[in-house]
Every structure is written in structure tokens, then in C-alpha cells.
Amino acid sequence: MTGPREQFRPEDHDNDHFLLTSVVGSYPKPKWHDRARELFEDPDADFDEHNWAEAKDDAARLITQEHERSGLDTVVDGEMRRNEMVEYFAELIDGYEFNGRVKVWGHNYFDKPSIADEVEYGEEWLVDEYKFTSSVSDRPVKVPITGPYTLARWAFNEAYETTEDAAYALADLVNEEIERLVDAGCKYVQIDEPALAQYEDDHAIVGECLERIADGLPEDVRLGLHVCYGDYSRIYPEMLDYPVHEYDLELANGDYEQLDVFKNDEFTKDFAMGVVDAHVAEVESVEEIKDNIKKGLEVVPPEQLTVSPDCGIKLLPREVAYGKMENMVQAAREIEQELDEGEIDVVGGQTASAD
Amino acid sequence: MTQVVATTAGLFPLPDWAKDELSRLKGHQKSDLVSGDEGPEIVDAYDRAREEVVGVQTDAGLDRVSEGQLRWDDMIAHPLAVADSVETRGIVRYYDNNNFYREPVVTGDLEASGDVAGELDAAAAHVDSGLQAVLPGPYSLADLATDEHYGDEAAFLDAVADFLAAEADQFPNVETLFLLEPSLVENAPGEGADERASEAIDTVASAVDADVVAHTYWGSLDEKVYAHLMDADVDAIGFDLIADHEETVYNVQEYGTKDDVALGLVDGQNTLVETPETIRERVEWFVEQTDGDYDTVYATANTELFYLPQNKFEAKVEALADAAAIEEVEA
């Protein structure tokens, strides 16, 4: 057991083994929610701040309960209140400004913000989101936060000498936000650092950011790190030194080609492995997902394995997203049962057990 | 006396209205990107956008006016992406940026399409003087593409150089041609390839009756690559002083440079807008460090400018023009 994990085991959990099931965060928004945003942004529409707040609450309640219904052990509100993973935070942090859209490719654009001044904690980021989500669910709530390195790297940096300096300043703010979340009762935080996969050479900078983030947090708060679509051999095993309990990694998309990367050195933390693809609009069967989960057991023993989709699933049709979660949970429960019954040989962590 | 000429390396952001209009007309998928045979509505939108960015430059007082390369969905791989005998395949990362282009795969003999000449013809109608053409340098274009036809690296580079020369041959009268060669820095040619890269640049440069600048960026050149590039018959070599001014100055101190020089003085990838005074100080610093008696210093952004939002792009163009104007007053 690594870190504070057992607290997420549901009281009515049927099996001795427990594979923590979770999601990365984002989830398709209901169509009416998009319509509500359009109305809110339309100056001619009779749709005020109060109406928009209610629409966000409704969507957050709906998706949190959809997560709960699928059987997930930890839930998220699907990031219903967030527009985009950098923009959302940049709007709340003092020091950022927006100048307009920039091209990513073709006619796909990103409202890339500028760090125009030293960053300071402005408006609260996620405490209300956390409190609301907790109030509408009996399950523990996981809070995903875009990491400081990504917040720095995916912005124009006008104010700091280097991206590294900007990332450290932002890390202190993330630490402050997590302390507020912890005060509100939060026990599970995931730091999203997709930019690390783009600049693997900066893994030491991300490590220093995480040191700042973890500083002073109570021991029973579970900290995860999500990275996706990168070359993991360039950050592993070094990343195991990061002060987090869990690494959430995309692997289904690449058909587990990179799985061997994690076998050469013992995976000493929890492994949250992507077992469904976030960019394929077909629901994987329970059998297929079970095979994927077994691949995770080649890396770590069951008490270190978390089962999760590859990445945020907001781009999928909603019914497909739900189907993936439901099958994922069922697959995890069946694997637990098979483990209980000694039907699966666990080789993960070089501690072959069973018979 | 040194003349400071304000210009850019081209590839501008679309005006915001054109981002919306073209995204509606074209769509968001790989197959929706420019292929060279756009319908009349799309052509019209690009025409209006081109006229606008030409106006931004002339209003600012830039000395060289670029067409803007607004249609270049595939960034500097564009001339191949719209050519025959080239398939555009998956989306791949554009150097180290959070930008992507379609991988052009050459499957047959390359032939010029006249696509870039067509853009310049359209721009020429709005430009009285100082029209500047922009093309990828042959080494960078070959580097971004995949060859499934010519078979070996040297033959492919030659073919790409001949292809670009044939494109340039169709240009209307232009004052300057910028050949963008970031790959000389980002994926530097090794032994033998460095010499061929220089010869390939020669091939393209000799196709136009204009001043030719071989512009490099995202760092300084390896010494040997630079030494070979000096053999190319171009009027100026362009340097990225934002990414690495020290090594660049060292190269010029050691190996000299052409009578003209292009200096990347404003950051094409940061919204912080340099003041005209800062830009001018950077020019003076470089001239002093290299003890140069240059005929012309092209004051430019280090990279393409499409990385910027529209307002900052316009501000940078104005800053460059103003910097050159300061110099003229005091000279």
C-alpha cells in the first residue's frame, strides 16, 4: 500500500481486493449546458449570471451522479464549470491577461493567455466546485488541477525570466489552493501536467514544482500526477522521486507499447493506468478492459493499481463516455473477484504471488 | 552608411474575423486544410484577409511588405502540401511548438504549382513598393517532408531545391525573398549535407532577381554549418538574436558575414512587445560586437508571427517599423 488509499474503499465493497476506480476529470457537457453558455454569452438573451450559475450547478450535479451511477469509487463533476484546462485557471489568477486566439493547427485555436505580471492568488479556484460536488455525492471527490508547469508553459511568459521561474511562482499558488481544498475536506487531488510530455527534459522542474505543491500537506491527502501522450522512457524512473502517491498515465491509446518502460525499475508508487482510450468513440468490452487491467498487474501488485481512462473524456459522445466508465468499473470488480479467488497470477512489483 | 530596413519573416496570424469565417467555410479536420483548389467563397475570404494584413504593414510603415502567407495551414511545408505528387498524411508537430502540420509525402516527380506566385500576384495589387516573397529554404522543406520517390537524401534535397526555384521563377517582381531555414538550427546537417544545403539555397536564390535572405532561427548555427552557409550566393543571412545572441555573434566574429545582414530582434513567440528603442539598441549592439559596416540591416522578428494573437502581431509590426524610422532620423 502506498499512500492514503484505503480510505477510498467503499464500505459496501464486496471483494477483499480493491482496485481503486477513478477518472481523469473532464467529461462531455450536456448539450443544454452548451446552449446555456451561449445564452449567457449573448447580450441580447434574457439569461443572467444567476441563470448561468444554476445551469452549472445542474450540470455538475448530473455528471457527478452519472459518475456515481457507473460505480466509480471516486467521482469528479466532469469539470462542468471549466471551459479549458489553462484558460479556466488563467482567468482566476492575477497576473494573466488574454489577448486573443492563436493557431494550434488548421482552424483550431486556443485562447493562449499571457503572464503579463507576477502571478498572485486572485479569486478562489476550486473550493466551491469541491464543496458542491461533495454535497451531491456520497462518494469521495477527486479534484483535478492543471499543474503549474503546464500553466506556465502553455502561456506567453512576459513577466518572468524563464518558464521555470513562472512555474515555481504558480506552484506556490497551487499549494495555497490545495491547502484551501484540504481545509474544506478534500482528500484526493490530481495535478495535470500534459506539458511535461511535450518537454520531457524539464522533468526536474516539474519535480521542484511538486515539492512546492506537496509542502505542508497532511499525510492523509492523496496526491496524483497525470501525464499523457508522451515518451515515458524519458521521465521514468526519475519521476518516482516526485512527492506524489500516484501516477495517472495514458497507455491504452498506444496499445501498451510503452508498458515495458515501467518494468525495468520497480514501480514504487501507485500506478493509475489508462484502460480505456479517450479518443476512440467505441465502448471497449468488459473483457477487453479486463485484459488491459491485467497488463497493469504486470507492473504493480493490485494494492498499487488504480483503474482509470487514458485522459479526460470530454470529446466523446456522452453515452460512449458513460459506457466506458460502466464497463471499466465492472471489469475492475471482476478482476478483484478473480484475484480473491486466486485465479490471476500477479507478477507486478516483482512480488509474484498466488499459486 | 547602414540602412535599417524593417521587415518580417512572414506567416502572419489571420485577422480574428477571418479565423471565424474560414473556420466556418473550411471546417476543423485534416481534410479541410488548404489544398490549392479552394472554392470562390474561401478565395474571397483570404483575399480580404490578405488585403487587411498588407494594410497593417503599409500603415505601420514597414519597408518590406509580405503577403502574409495566411493560406499556409501547413506552415512552411505549404508549397509541398499543395503540389502534385505529394500526399498530405497525418498531423505532426511543427518543430518544438504546440502547432501541427500535415506531413507531406513526396510520391512522384515534383513540379512547381505556381501557388505562391499566385498569392504574390494578388498581394502586388495592394503594394506600391517593397513586396517581399517568403519561401521555405530547401533544407528545411526537405527536412519537414518525407521522400518516397527520389530514394536518397541528396537527390531529394536537389529535387526540393529545383522545385522551389521553379516556384520562385514564376514570381512577379519582388524586392526581397526570405528563405526560412529553421532546420539548419533545429536539425543541423552533418558532414557533406551541410555543403549540399548551402548549394541548394544557391539554386533557389539564383532563380529570382531580388535580394535574398537565408533566415535561420530557434538558436545559433553550428560553426561548420555557418561556414558552409557563407558560401551560398545570398545577399544576407538571418540570425535569431532572441534565442541565442552570443553564439551568433561569435560565428560572425569568426567567419564574417555578407554585406547585408538580417537580425531577428523581436520575439515572434512572446506577447511582450519590444519598444522601438530596445530594437534599435539591439541593432547597434550587434553592429558594434561584429565591427560590421553593413549596407543593409534587415530588422525583423526572429520567427514567423502566426504564434501571436492579432493585436500583438500588429503591435510588433509597428514596433519594427518605428525602430527603423528612429535609425533613419539619426543617421
# chains A, B, ... in the order shown; residues from 1 in each chain; ligands from 1
call {"tool": "interface_residues", "arguments": {"of": "chain B", "to": "chain A", "cutoff": "6 Å", "atoms": "only C-alpha atoms", "output": "MDAnalysis selection string"}}
result
chainID B and resid 23 28 73 99:100 270 272 308:309
call {"tool": "write_last_selection", "arguments": {"atoms": "C-alpha atoms", "output": "PDB file, in the first residue's frame"}}
result
ATOM      1  CA  SER B  23     -13.245  28.004 -39.844  1.00  0.00           C
ATOM      2  CA  HIS B  28     -11.776  21.700 -38.480  1.00  0.00           C
ATOM      3  CA  ASP B  73      -2.191  25.892 -42.990  1.00  0.00           C
ATOM      4  CA  ASN B  99       1.482  23.533 -33.572  1.00  0.00           C
ATOM      5  CA  PHE B 100       0.885  20.841 -36.123  1.00  0.00           C
ATOM      6  CA  ASN B 270       6.001  36.131 -26.969  1.00  0.00           C
ATOM      7  CA  LEU B 272       5.669  41.122 -24.706  1.00  0.00           C
ATOM      8  CA  LEU B 308       0.765  35.626 -31.714  1.00  0.00           C
ATOM      9  CA  PRO B 309      -2.748  36.918 -31.198  1.00  0.00           C
TER      10      PRO B 309
END
call {"tool": "select_by_dssp", "arguments": {"residues": "region 15-90 of chain B", "states": "strand (DSSP E)", "output": "MDAnalysis selection string"}}
result
chainID B and resid 65:66 86:90
call {"tool": "residues_around", "arguments": {"residues": "Pro28 (chain A)", "least_positions_apart": "6", "cutoff": "7 Å", "atoms": "only C-alpha atoms", "output": "list of chain:residue names"}}
result
A:Ile313, A:Lys314, A:Leu315, A:Leu316, A:Pro317, A:Arg318
call {"tool": "closest_residue", "arguments": {"among": "A:Gly342, A:Gly230, A:Gly274, A:Gly122", "to": "Asp248 (chain A)", "atoms": "only C-alpha atoms"}}
result
A:Gly274
call {"tool": "closest_atom_pairs", "arguments": {"of": "region 190-213 of chain B", "to": "region 289-302 of chain B", "cutoff": "12 Å", "atoms": "only C-alpha atoms", "output": "CSV"}}
result
residue,atom,partner,partner_atom,distance
B:Asp211,CA,B:Thr296,CA,10.8
B:Val212,CA,B:Tyr298,CA,11.3
B:Val213,CA,B:Tyr298,CA,9.1
call {"tool": "residues_around", "arguments": {"residues": "Asp57 (chain A)", "least_positions_apart": "3", "cutoff": "10 Å", "atoms": "only C-alpha atoms", "output": "PyMOL selection string"}}
result
chain A and resi 51-54+60-62+77+80-81+129+132-133
call {"tool": "residues_around", "arguments": {"residues": "region 291-295 of chain A", "least_positions_apart": "6", "cutoff": "9 Å", "atoms": "only C-alpha atoms", "output": "list of chain:residue names"}}
result
A:Ala252, A:Tyr256, A:Leu259, A:Met273, A:Gly274, A:Val275, A:Val276, A:Leu305, A:Val307, A:Ala331, A:Ala332, A:Ile335, A:Ile344, A:Val346
call {"tool": "residues_around", "arguments": {"residues": "region 312-318 of chain B", "least_positions_apart": "3", "cutoff": "9 Å", "atoms": "only C-alpha atoms", "output": "MDAnalysis selection string"}}
result
(chainID A and resid 99) or (chainID B and resid 6:8 12:13 53 56:57 59:62 266:268 270:276 300:301 305:309 321:323)
call {"tool": "closest_residue", "arguments": {"among": "B:Ser31, B:Gln170, B:Ser66, B:Asn187", "to": "Tyr101 (chain B)", "atoms": "only C-alpha atoms"}}
result
B:Ser31
call {"tool": "closest_residue", "arguments": {"among": "B:Ala18, B:Glu148, B:Ala324, B:Val54", "to": "Glu41 (chain B)", "atoms": "only C-alpha atoms"}}
result
B:Ala18
